[in-house]
file run_34.csv (CSV, C-alpha atoms)
chain,number,residue,atom,x,y,z
O,1,MET,CA,131.1,94.7,75.0
O,2,ASN,CA,127.9,93.3,76.6
O,3,ALA,CA,124.8,92.9,74.6
O,4,LEU,CA,122.3,95.8,74.5
O,5,PRO,CA,119.5,95.6,77.0
O,6,ASP,CA,116.3,94.0,75.8
O,7,SER,CA,114.4,97.2,76.7
O,8,LEU,CA,116.0,98.9,73.7
O,9,SER,CA,114.4,96.5,71.3
O,10,THR,CA,111.1,98.5,71.3
O,11,HIS,CA,112.7,101.9,71.4
O,12,ARG,CA,112.0,104.5,68.7
O,13,VAL,CA,115.8,104.7,68.1
O,14,ARG,CA,116.8,101.7,66.1
O,15,ALA,CA,119.6,100.1,68.1
O,16,HIS,CA,122.4,98.6,66.1
O,17,PRO,CA,122.7,94.9,67.1
O,18,ASP,CA,126.4,95.4,67.7
O,19,ALA,CA,126.9,97.2,71.0
O,20,GLU,CA,130.2,98.9,69.9
O,21,ALA,CA,128.6,100.2,66.8
O,22,ALA,CA,125.6,101.5,68.8
O,23,VAL,CA,127.9,103.4,71.1
O,24,ARG,CA,129.9,104.9,68.2
O,25,ALA,CA,126.7,106.2,66.7
O,26,VAL,CA,125.9,108.3,69.8
O,27,SER,CA,129.5,109.2,70.7
O,28,ALA,CA,131.2,110.4,67.5
O,29,GLY,CA,130.1,113.9,66.7
O,30,ALA,CA,130.7,117.7,67.2
O,31,VAL,CA,128.8,120.3,69.1
O,32,VAL,CA,128.2,123.4,66.9
O,33,TRP,CA,126.4,126.7,67.4
O,34,GLU,CA,122.8,126.5,66.2
O,35,PRO,CA,121.7,130.0,65.2
O,36,VAL,CA,117.9,129.6,65.2
O,37,ARG,CA,117.8,128.1,68.6
O,38,SER,CA,120.4,130.6,70.0
O,39,VAL,CA,118.7,133.7,68.5
O,40,TRP,CA,115.2,132.4,69.7
O,41,PHE,CA,116.3,131.9,73.3
O,42,SER,CA,118.4,135.1,73.4
O,43,ALA,CA,115.6,137.2,72.0
O,44,MET,CA,113.2,135.9,74.6
O,45,VAL,CA,115.6,136.4,77.5
O,46,LEU,CA,116.3,140.0,76.3
O,47,GLY,CA,112.6,140.7,76.0
O,48,ALA,CA,112.0,139.3,79.5
O,49,ILE,CA,114.9,141.3,81.1
O,50,VAL,CA,114.6,144.6,79.4
O,51,GLY,CA,110.9,144.7,78.5
O,52,GLY,CA,109.8,142.9,81.6
O,53,ALA,CA,111.6,145.5,83.8
O,54,TRP,CA,110.5,148.5,81.8
O,55,TYR,CA,106.8,147.4,81.6
O,56,PHE,CA,106.5,145.7,85.0
O,57,SER,CA,103.1,145.4,86.6
O,58,TRP,CA,101.7,143.0,89.2
O,59,SER,CA,99.1,141.8,86.7
O,60,ALA,CA,101.8,141.0,84.2
O,61,LEU,CA,103.7,139.1,86.9
O,62,ALA,CA,100.6,137.2,87.8
O,63,LEU,CA,100.1,136.3,84.1
O,64,PHE,CA,103.6,135.0,84.0
O,65,VAL,CA,103.1,132.8,87.0
O,66,LEU,CA,99.8,131.4,85.9
O,67,SER,CA,100.7,130.9,82.2
O,68,THR,CA,104.1,129.3,83.1
O,69,ALA,CA,102.5,126.9,85.5
O,70,THR,CA,99.8,126.0,83.1
O,71,VAL,CA,102.0,125.2,80.1
O,72,LEU,CA,104.6,123.3,82.3
O,73,LEU,CA,101.9,121.1,83.9
O,74,LEU,CA,99.4,120.5,81.1
O,75,GLY,CA,101.8,121.0,78.2
O,76,HIS,CA,105.2,119.8,78.9
O,77,SER,CA,104.6,117.2,81.7
O,78,LEU,CA,101.2,115.7,80.7
O,79,GLY,CA,101.1,116.5,77.0
O,80,MET,CA,104.6,116.2,75.6
O,81,HIS,CA,106.3,113.9,78.0
O,82,ARG,CA,103.9,111.5,79.7
O,83,LYS,CA,101.5,111.2,76.7
O,84,LEU,CA,103.2,112.0,73.4
O,85,ILE,CA,106.7,110.6,74.2
O,86,HIS,CA,105.9,107.8,76.6
O,87,ASP,CA,102.1,107.1,75.9
O,88,SER,CA,101.7,106.3,79.6
O,89,TYR,CA,98.0,106.9,79.7
O,90,ASP,CA,95.0,107.0,77.4
O,91,CYS,CA,92.8,110.1,76.7
O,92,PRO,CA,90.5,111.3,73.9
O,93,LYS,CA,92.3,112.7,70.9
O,94,TRP,CA,91.0,116.2,71.4
O,95,LEU,CA,92.5,116.3,74.9
O,96,GLU,CA,95.8,114.9,73.6
O,97,TYR,CA,95.9,117.7,71.0
O,98,LEU,CA,95.1,120.3,73.6
O,99,LEU,CA,97.8,119.1,75.9
O,100,VAL,CA,100.4,118.9,73.2
O,101,TYR,CA,99.5,122.4,72.0
O,102,CYS,CA,100.1,123.6,75.5
O,103,GLY,CA,103.5,121.9,75.3
O,104,VAL,CA,104.4,123.9,72.3
O,105,GLN,CA,103.8,127.0,74.3
O,106,VAL,CA,106.8,126.1,76.6
O,107,GLY,CA,109.0,127.2,73.6
O,108,LEU,CA,111.3,124.3,73.4
O,109,ALA,CA,110.4,122.8,70.0
O,110,GLY,CA,107.6,121.4,68.0
O,111,PRO,CA,106.2,118.0,68.9
O,112,LEU,CA,108.1,115.9,66.4
O,113,GLY,CA,111.4,117.7,67.2
O,114,LEU,CA,110.9,117.2,70.9
O,115,VAL,CA,110.2,113.5,70.4
O,116,ARG,CA,113.4,113.1,68.4
O,117,THR,CA,115.5,115.1,70.8
O,118,HIS,CA,114.2,113.2,73.9
O,119,ASP,CA,114.4,109.8,72.4
O,120,LEU,CA,118.0,110.2,71.1
O,121,ARG,CA,119.1,111.4,74.6
O,122,ASP,CA,117.2,108.6,76.3
O,123,TYR,CA,118.6,105.9,74.0
O,124,ALA,CA,122.1,107.2,74.3
O,125,GLN,CA,122.1,107.4,78.1
O,126,ARG,CA,121.1,103.7,78.3
O,127,LEU,CA,124.2,102.6,76.4
O,128,PRO,CA,127.6,102.0,78.1
O,129,HIS,CA,128.9,105.4,76.7
O,130,CYS,CA,127.6,108.4,74.9
O,131,HIS,CA,128.7,111.9,73.9
O,132,ASP,CA,129.1,114.4,76.7
O,133,TYR,CA,126.3,116.6,75.1
O,134,LEU,CA,123.8,113.8,75.6
O,135,ALA,CA,125.0,113.0,79.1
O,136,HIS,CA,125.2,116.6,80.5
O,137,ARG,CA,128.7,115.6,81.5
O,138,GLN,CA,130.5,119.0,80.9
O,139,PRO,CA,130.9,121.7,83.6
O,140,PHE,CA,127.8,123.8,84.4
O,141,LEU,CA,128.5,126.8,82.1
O,142,ILE,CA,129.7,124.8,79.2
O,143,ASP,CA,126.7,122.5,79.4
O,144,ALA,CA,124.5,125.6,79.5
O,145,TRP,CA,126.0,127.0,76.3
O,146,TRP,CA,125.8,123.7,74.6
O,147,GLN,CA,122.2,122.9,75.5
O,148,LEU,CA,120.7,126.4,75.1
O,149,HIS,CA,122.7,127.6,72.0
O,150,CYS,CA,124.1,124.6,70.2
O,151,GLU,CA,123.3,121.3,68.8
O,152,LEU,CA,125.0,117.9,68.5
O,153,ARG,CA,125.8,116.7,65.0
O,154,LEU,CA,126.6,113.0,65.1
O,155,ALA,CA,128.9,111.6,62.4
O,156,ASP,CA,126.6,108.6,61.9
O,157,PRO,CA,123.4,109.1,63.8
O,158,PRO,CA,121.0,106.3,64.5
O,159,GLN,CA,117.6,106.2,62.8
O,160,ILE,CA,114.7,107.4,64.9
O,161,ALA,CA,111.4,105.8,63.8
O,162,ILE,CA,108.5,107.8,65.1
O,163,GLU,CA,105.3,105.8,64.8
O,164,ALA,CA,102.8,106.9,62.2
O,165,ARG,CA,100.2,108.0,64.7
O,166,ILE,CA,102.5,110.9,65.6
O,167,ALA,CA,104.7,111.3,62.5
O,168,ASP,CA,101.9,111.3,60.0
O,169,ASP,CA,99.4,113.3,62.1
O,170,ARG,CA,98.5,116.5,60.2
O,171,PHE,CA,98.0,118.6,63.4
O,172,TYR,CA,101.4,117.6,64.8
O,173,ARG,CA,103.1,118.3,61.5
O,174,PHE,CA,101.5,121.7,61.4
O,175,LEU,CA,102.7,122.4,65.0
O,176,GLN,CA,106.1,121.3,64.0
O,177,ARG,CA,106.3,123.7,61.1
O,178,SER,CA,104.9,126.6,63.1
O,179,TRP,CA,105.8,126.1,66.7
O,180,MET,CA,107.6,129.5,67.0
O,181,ALA,CA,104.7,131.3,65.3
O,182,GLN,CA,102.2,129.7,67.7
O,183,HIS,CA,103.3,132.2,70.3
O,184,LEU,CA,102.2,135.2,68.1
O,185,PRO,CA,98.4,134.9,68.6
O,186,TRP,CA,99.0,134.9,72.4
O,187,ALA,CA,101.3,137.9,72.1
O,188,LEU,CA,98.6,139.8,70.2
O,189,LEU,CA,95.9,138.8,72.7
O,190,PHE,CA,98.0,139.8,75.7
O,191,PHE,CA,98.8,143.1,74.0
O,192,ALA,CA,95.1,143.8,73.5
O,193,LEU,CA,94.3,142.9,77.1
O,194,GLY,CA,97.3,144.3,79.0
O,195,GLY,CA,99.7,146.1,76.7
O,196,TRP,CA,103.4,145.5,76.3
O,197,GLY,CA,103.9,144.4,79.9
O,198,TRP,CA,101.6,141.4,79.3
O,199,VAL,CA,103.5,140.5,76.2
O,200,PHE,CA,107.0,140.6,77.8
O,201,TRP,CA,105.9,138.7,80.9
O,202,GLY,CA,103.2,136.4,79.3
O,203,VAL,CA,105.4,135.4,76.3
O,204,CYS,CA,109.1,136.3,76.6
O,205,ALA,CA,109.5,135.6,80.3
O,206,ARG,CA,107.4,132.5,80.2
O,207,VAL,CA,109.4,131.0,77.3
O,208,SER,CA,112.7,132.0,78.9
O,209,ALA,CA,111.7,130.4,82.2
O,210,GLY,CA,110.5,127.2,80.4
O,211,VAL,CA,113.6,126.7,78.3
O,212,PHE,CA,116.1,127.7,80.9
O,213,GLY,CA,114.3,125.7,83.6
O,214,HIS,CA,114.1,122.7,81.4
O,215,TRP,CA,117.9,122.7,80.9
O,216,LEU,CA,118.7,123.6,84.6
O,217,ILE,CA,116.6,120.7,86.0
O,218,GLY,CA,118.0,118.4,83.3
O,219,TYR,CA,121.5,119.3,84.3
O,220,PHE,CA,121.0,118.6,88.0
O,221,ALA,CA,118.8,115.5,87.3
O,222,HIS,CA,121.8,113.9,85.5
O,223,ASN,CA,124.5,114.9,87.9
O,224,HIS,CA,123.2,115.5,91.5
O,225,GLY,CA,120.5,114.2,93.8
O,226,GLY,CA,119.2,111.1,95.4
O,227,MET,CA,118.8,107.7,93.7
O,228,HIS,CA,116.4,104.8,94.5
O,229,HIS,CA,117.6,102.8,91.5
O,230,GLU,CA,120.6,102.1,89.3
O,231,VAL,CA,120.4,101.1,85.6
O,232,ARG,CA,123.4,98.9,85.4
O,233,GLY,CA,125.6,99.3,82.3
O,234,ALA,CA,124.1,102.7,81.5
O,235,ALA,CA,126.3,105.7,80.6
O,236,VAL,CA,124.1,108.0,82.7
O,237,GLN,CA,122.1,107.7,85.8
O,238,GLY,CA,119.1,109.8,86.6
O,239,HIS,CA,118.9,111.7,90.0
O,240,ASN,CA,115.9,112.9,91.9
O,241,VAL,CA,116.0,116.7,92.4
O,242,ARG,CA,113.7,117.0,95.4
O,243,PHE,CA,113.6,120.8,95.7
O,244,ALA,CA,112.2,121.2,92.2
O,245,SER,CA,109.4,118.7,92.4
O,246,LEU,CA,106.6,121.3,92.5
O,247,LEU,CA,108.3,123.7,90.1
O,248,SER,CA,108.8,120.9,87.5
O,249,MET,CA,105.3,119.4,88.1
O,250,GLY,CA,106.9,116.2,89.2
O,251,GLU,CA,109.4,115.9,86.3
O,252,SER,CA,112.4,116.3,88.6
O,253,TRP,CA,111.9,112.7,90.0
O,254,HIS,CA,114.3,111.7,87.3
O,255,ASN,CA,115.9,108.7,88.9
O,256,ASN,CA,112.4,107.2,89.2
O,257,HIS,CA,111.8,108.1,85.5
O,258,HIS,CA,115.1,106.4,84.4
O,259,ALA,CA,114.0,103.3,86.2
O,260,PHE,CA,110.4,103.3,84.9
O,261,PRO,CA,110.2,105.5,81.8
O,262,GLY,CA,106.7,104.3,80.8
O,263,SER,CA,105.2,105.1,84.1
O,264,ALA,CA,102.6,108.0,84.3
O,265,ARG,CA,103.5,108.4,87.9
O,266,LEU,CA,106.9,109.9,88.6
O,267,GLY,CA,106.8,110.5,92.3
O,268,LEU,CA,106.8,106.9,93.5
O,269,TYR,CA,107.9,107.1,97.1
O,270,ALA,CA,106.7,108.7,100.3
O,271,GLY,CA,107.0,112.5,100.3
O,272,GLU,CA,107.6,112.7,96.5
O,273,TRP,CA,105.2,115.3,95.3
O,274,ASP,CA,104.0,114.9,91.8
O,275,PRO,CA,101.5,117.5,90.5
O,276,GLY,CA,101.4,115.8,87.1
O,277,TRP,CA,100.2,112.5,88.7
O,278,TRP,CA,97.7,114.3,90.9
O,279,THR,CA,96.2,116.0,87.8
O,280,LEU,CA,96.0,112.7,85.9
O,281,ARG,CA,94.2,111.1,88.8
O,282,ALA,CA,91.7,113.9,88.9
O,283,LEU,CA,91.1,113.6,85.1
O,284,ALA,CA,90.7,109.9,85.6
O,285,ARG,CA,88.0,110.5,88.2
O,286,VAL,CA,85.9,112.5,85.7
O,287,GLY,CA,86.5,109.9,82.9
O,288,LEU,CA,88.9,111.9,80.7
O,289,VAL,CA,91.9,109.7,81.3
O,290,GLY,CA,92.4,105.9,81.5
O,291,ARG,CA,95.0,103.2,81.5
O,292,LEU,CA,97.3,105.0,83.8
O,293,ARG,CA,100.5,103.0,83.8
O,294,GLU,CA,102.6,102.6,86.9
O,295,PRO,CA,105.8,100.6,87.5
O,296,ALA,CA,103.9,97.4,88.2
O,297,ASP,CA,102.3,97.6,84.7
O,298,LEU,CA,105.7,97.7,82.9
O,299,PRO,CA,107.8,94.8,81.7
O,300,PRO,CA,110.7,93.8,84.0
O,301,ARG,CA,114.2,95.2,83.2
O,302,PRO,CA,117.0,92.9,84.3
O,303,GLU,CA,119.5,95.8,84.2
O,304,LEU,CA,117.5,97.7,86.8
O,305,HIS,CA,118.8,97.4,90.4
O,306,ARG,CA,117.1,98.7,93.5
O,307,LEU,CA,119.5,100.6,95.8
O,308,PRO,CA,119.4,100.4,99.6
O,309,GLU,CA,117.8,103.4,101.2
O,310,PRO,CA,120.3,105.8,102.8
O,311,ALA,CA,120.3,106.0,106.6
O,312,PRO,CA,118.3,109.0,107.8
O,313,THR,CA,120.5,112.0,108.6
O,314,PRO,CA,120.7,112.5,112.4
O,315,CYS,CA,119.1,115.5,113.8
O,316,MET,CA,121.8,117.8,115.2
O,317,PHE,CA,119.5,119.2,117.8
O,318,CYS,CA,118.4,115.7,119.0
O,319,GLN,CA,122.0,114.6,119.1
O,320,GLY,CA,122.8,117.5,121.4
O,321,LEU,CA,119.9,116.6,123.7
O,322,ARG,CA,121.0,113.0,123.9
O,323,ALA,CA,124.6,114.0,124.7
O,324,ARG,CA,123.3,116.0,127.6
O,325,GLY,CA,121.0,113.2,128.8
O,326,LEU,CA,117.9,115.2,128.1
O,327,SER,CA,116.2,112.7,125.8

call {"tool": "encode", "arguments": {"input": "run_34.csv", "output": "structure tokens"}}
result
Amino acid sequence: MNALPDSLSTHRVRAHPDAEAAVRAVSAGAVVWEPVRSVWFSAMVLGAIVGGAWYFSWSALALFVLSTATVLLLGHSLGMHRKLIHDSYDCPKWLEYLLVYCGVQVGLAGPLGLVRTHDLRDYAQRLPHCHDYLAHRQPFLIDAWWQLHCELRLADPPQIAIEARIADDRFYRFLQRSWMAQHLPWALLFFALGGWGWVFWGVCARVSAGVFGHWLIGYFAHNHGGMHHEVRGAAVQGHNVRFASLLSMGESWHNNHHAFPGSARLGLYAGEWDPGWWTLRALARVGLVGRLREPADLPPRPELHRLPEPAPTPCMFCQGLRARGLS
């Protein structure tokens, strides 16, 4: 087997120097039902469907839209992903804490758990082969069951060394222990302000949409969509899911992210809308954010290959006009 790429030398997952052993570490394992994750997600979906329908109101729906957009943008995209996981920009510690706290409100996991989950998948996908669970390689419904209700138990998992600034941070350790309970204060507040309808739409529906949407975009972003770049030798390629750019706050430009994981900017090319990047630029203008890293600021990756741009799809209407000599 070829040597592992140099870019893995600074990864949180400690790469085994032998490529075959590194691949075995992320390939040999079993997918098993995880009751806590399964019950958590199922309860939220049940509350969203039954409670949301029974106690529907336009104000509750507006709360769902506003709260979901807020936690996805500020929490998951800016806080958990671009800052905590990839450290792609600088900001005051109080702002980092606020953004990561918003990320907990998405309902996926605590900060330490999310870093571990993300980094294991990211590391495995850069190797020549990895388990189907880490690659989103199974059919749609099987992958949904695996990702939403199960966990992968590797026979000999690699070590994940989270740096002390995160692993030893008392606030992050507190959020990790209590991430499910962090939704309770908001449920009580919403109940006081708008009754059960605000609870079901502002908590249950928001968490259901966040968790399900995270899986859904992840599935498509590893199986379908356009590509500007290829990471040669990698088990999995990222794909750009254009239709989801606004819904995901820019996170669906996943081929760009696979190419430049440390970039704070995910929408890199013309027409690639990236609300997360727009927000960071706005925060930079008022002095709250600095050192915004872009692809040019990252070390080169020899395994990264730029693909030729596909030819534009011919306009059927224009073709018809030309065929009739009208254009």

call {"tool": "residues_around", "arguments": {"input": "run_34.csv", "residues": "segment 89-101 of chain O", "least_positions_apart": "6", "cutoff": "8 Å", "atoms": "all atoms listed in the file", "output": "VMD selection string"}}
result
chain O and resid 74 to 76 78 to 80 82 to 83 111 171 175 264 288 to 293

call {"tool": "atom_distance", "arguments": {"input": "run_34.csv", "atom1": "atom CA of Phe174 of chain O", "atom2": "atom CA of Leu114 of chain O"}}
result
14.1 Å

call {"tool": "closest_residue", "arguments": {"input": "run_34.csv", "among": "O:His228, O:Arg285, O:Arg121, O:His305", "to": "Ala270 of chain O", "atoms": "only C-alpha atoms"}}
result
O:His228

call {"tool": "closest_residue", "arguments": {"input": "run_34.csv", "among": "O:Val207, O:Leu283, O:Ala19, O:Leu112", "to": "Tyr172 of chain O", "atoms": "all atoms listed in the file"}}
result
O:Leu112

call {"tool": "residues_around", "arguments": {"input": "run_34.csv", "residues": "segment 177-193 of chain O", "least_positions_apart": "2", "cutoff": "7 Å", "atoms": "only C-alpha atoms", "output": "PyMOL selection string"}}
result
chain O and resi 104-105+109-110+173-175+195-196+198-199+203
